[in-house]
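The block underneath contains the structure these notes are about, expressed in structure tokens.
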Amino acid sequence: MKNQAKRRYMVMNDPVQVKFLTLLLVSMLLPAFLVGTILYMFIFKILADQQAADGVGYFLYPVIMKVNLGIAFGFVPLFLLLFALGAILSHRFSGPLQRLQREIEHISKTGDFKKRLNVRKYDYIQPLIGAVNGLMDRFCETHKENRP
């Protein structure tokens, strides 16, 4: 298993990676939106119950500003960090899968079953590549035995 050059782009036009990143975005944004909406409604309800109807806006504005600052300085960097980590993780899955597909197609077109699949040092599909290479070794041994 050779160590090859790094892939150039972290986000590729690969359907597996696009689906993974879409799922990641939805799983981060939907709960954040729901929790944020519930918190805003909870804060408004508490302040409205405690204050007179005409003084709600005066007391509510500082609370809204603090909540917005907390969201801006807490949620946005956390969201960007999680998305970047998700892009790296999906890249480590989809890139090798794409390369594996190309190499298998090349082997089947050329008929060179002695060629083995390569994997990079930090790719997460190393066990899969090892199993495919083992299968190809077994195929070559069986194919040699059946020749006249």
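Going through the structure tokens in order, the chains are called A, B, and so on, while each chain numbers its residues from 1 and the ligands are numbered from 1 in the order shown.
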I want to know what sits within 10 Å of Leu25 of chain A, based on only C-alpha atoms, with residues of the same chain fewer than 4 positions away left out; could you give that as an mmCIF file with C-alpha atoms, in the first residue's frame?
```cif
data_model
loop_
_atom_site.group_PDB
_atom_site.id
_atom_site.type_symbol
_atom_site.label_atom_id
_atom_site.label_comp_id
_atom_site.auth_asym_id
_atom_site.auth_seq_id
_atom_site.Cartn_x
_atom_site.Cartn_y
_atom_site.Cartn_z
ATOM 1 C CA LYS A 19 -25.177 13.622 0.689
ATOM 2 C CA PHE A 20 -23.028 13.436 3.814
ATOM 3 C CA LEU A 21 -22.494 17.197 3.971
ATOM 4 C CA LEU A 29 -29.187 23.703 11.529
ATOM 5 C CA LEU A 30 -32.571 22.138 12.265
ATOM 6 C CA PHE A 79 -21.014 25.616 13.212
ATOM 7 C CA LEU A 82 -18.197 21.244 12.824
ATOM 8 C CA PHE A 83 -18.788 21.745 9.110
ATOM 9 C CA GLY A 86 -17.476 17.056 8.536
#
```
Could you name the residues that touch Ser94 of chain A at 12 Å or less, counting only C-alpha atoms, but leaving out those on the same chain fewer than 2 positions away, as number ranges by chain? A: 7, 9-21, 86-92, 96-101, 123-125
Restricted to N, CA and C atoms, what would the selected residues look like written as a compact mmCIF listing (two decimals), in the first residue's frame?
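Okay, result10.txt is ready:
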```
# COMPACT_ATOMS: atom_id res chain seq x y z
N ARG A 7 -5.08 14.54 -2.12
CA ARG A 7 -6.08 15.07 -3.03
C ARG A 7 -6.08 16.59 -2.91
N TYR A 9 -8.60 18.94 -3.50
CA TYR A 9 -9.77 19.69 -3.03
C TYR A 9 -10.44 18.95 -1.89
N MET A 10 -10.80 19.69 -0.85
CA MET A 10 -11.44 19.07 0.30
C MET A 10 -12.90 18.72 0.01
N VAL A 11 -13.60 19.55 -0.75
CA VAL A 11 -14.98 19.28 -1.11
C VAL A 11 -15.00 18.96 -2.60
N MET A 12 -15.41 17.74 -2.91
CA MET A 12 -15.41 17.27 -4.29
C MET A 12 -16.84 17.20 -4.79
N ASN A 13 -17.00 17.03 -6.07
CA ASN A 13 -18.32 16.86 -6.65
C ASN A 13 -18.64 15.37 -6.67
N ASP A 14 -18.70 14.78 -5.49
CA ASP A 14 -18.97 13.36 -5.35
C ASP A 14 -20.32 13.19 -4.65
N PRO A 15 -21.22 12.37 -5.19
CA PRO A 15 -22.55 12.23 -4.60
C PRO A 15 -22.52 11.77 -3.14
N VAL A 16 -21.57 10.91 -2.77
CA VAL A 16 -21.48 10.44 -1.39
C VAL A 16 -21.16 11.60 -0.46
N GLN A 17 -20.18 12.42 -0.85
CA GLN A 17 -19.79 13.54 0.00
C GLN A 17 -20.89 14.61 0.04
N VAL A 18 -21.55 14.86 -1.07
CA VAL A 18 -22.63 15.84 -1.08
C VAL A 18 -23.75 15.40 -0.16
N LYS A 19 -24.12 14.12 -0.19
CA LYS A 19 -25.18 13.62 0.69
C LYS A 19 -24.76 13.72 2.15
N PHE A 20 -23.51 13.37 2.44
CA PHE A 20 -23.03 13.44 3.81
C PHE A 20 -23.04 14.87 4.33
N LEU A 21 -22.54 15.81 3.53
CA LEU A 21 -22.49 17.20 3.97
C LEU A 21 -23.90 17.80 4.08
N GLY A 86 -16.64 17.93 9.36
CA GLY A 86 -17.48 17.06 8.54
C GLY A 86 -16.96 16.95 7.12
N ALA A 87 -16.46 18.07 6.58
CA ALA A 87 -15.90 18.05 5.22
C ALA A 87 -14.64 17.18 5.17
N ILE A 88 -13.82 17.27 6.20
CA ILE A 88 -12.60 16.45 6.26
C ILE A 88 -12.97 14.97 6.36
N LEU A 89 -13.92 14.65 7.23
CA LEU A 89 -14.34 13.26 7.41
C LEU A 89 -14.95 12.71 6.13
N SER A 90 -15.83 13.47 5.51
CA SER A 90 -16.47 12.99 4.28
C SER A 90 -15.45 12.87 3.15
N HIS A 91 -14.45 13.74 3.17
CA HIS A 91 -13.39 13.69 2.17
C HIS A 91 -12.58 12.41 2.31
N ARG A 92 -12.36 11.99 3.55
CA ARG A 92 -11.58 10.77 3.78
C ARG A 92 -12.36 9.52 3.41
N PRO A 96 -11.37 8.16 -1.31
CA PRO A 96 -10.90 6.80 -1.53
C PRO A 96 -11.93 5.92 -2.26
N LEU A 97 -13.21 6.12 -1.97
CA LEU A 97 -14.23 5.34 -2.67
C LEU A 97 -14.23 5.66 -4.16
N GLN A 98 -14.08 6.93 -4.48
CA GLN A 98 -14.03 7.35 -5.88
C GLN A 98 -12.79 6.74 -6.56
N ARG A 99 -11.65 6.80 -5.88
CA ARG A 99 -10.42 6.23 -6.43
C ARG A 99 -10.53 4.72 -6.56
N LEU A 100 -11.14 4.06 -5.57
CA LEU A 100 -11.34 2.62 -5.61
C LEU A 100 -12.19 2.23 -6.82
N GLN A 101 -13.23 2.97 -7.07
CA GLN A 101 -14.09 2.70 -8.23
C GLN A 101 -13.30 2.84 -9.53
N ASP A 123 -6.53 7.15 4.98
CA ASP A 123 -7.85 6.83 4.46
C ASP A 123 -8.54 5.84 5.39
N TYR A 124 -9.84 6.03 5.58
CA TYR A 124 -10.59 5.20 6.52
C TYR A 124 -11.03 3.86 5.93
N ILE A 125 -10.80 3.66 4.65
CA ILE A 125 -11.27 2.41 4.05
C ILE A 125 -10.14 1.40 3.85
```
Would you mind reading off the distance between atom CA of Ile64 of chain A and atom CA of Ile38 of chain A, one decimal, in Å? 13.5 Å
Would you mind reading off the distance between atom CA of Gly95 of chain A and atom CA of Tyr122 of chain A, one decimal, in Å?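 Separation between atom CA of Gly95 of chain A and atom CA of Tyr122 of chain A: 11.5 Å.
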Any chance you could list, as a PyMOL selection string, the residues in segment 76-123 of chain A that come up alpha helix (DSSP H) when DSSP is run on the backbone? chain A and resi 76-110
Point-to-point distance from atom CA of Cys140 of chain A to atom CA of Ile107 of chain A, Å rounded to tenths: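 Here the two named atoms are 12.8 Å from each other.
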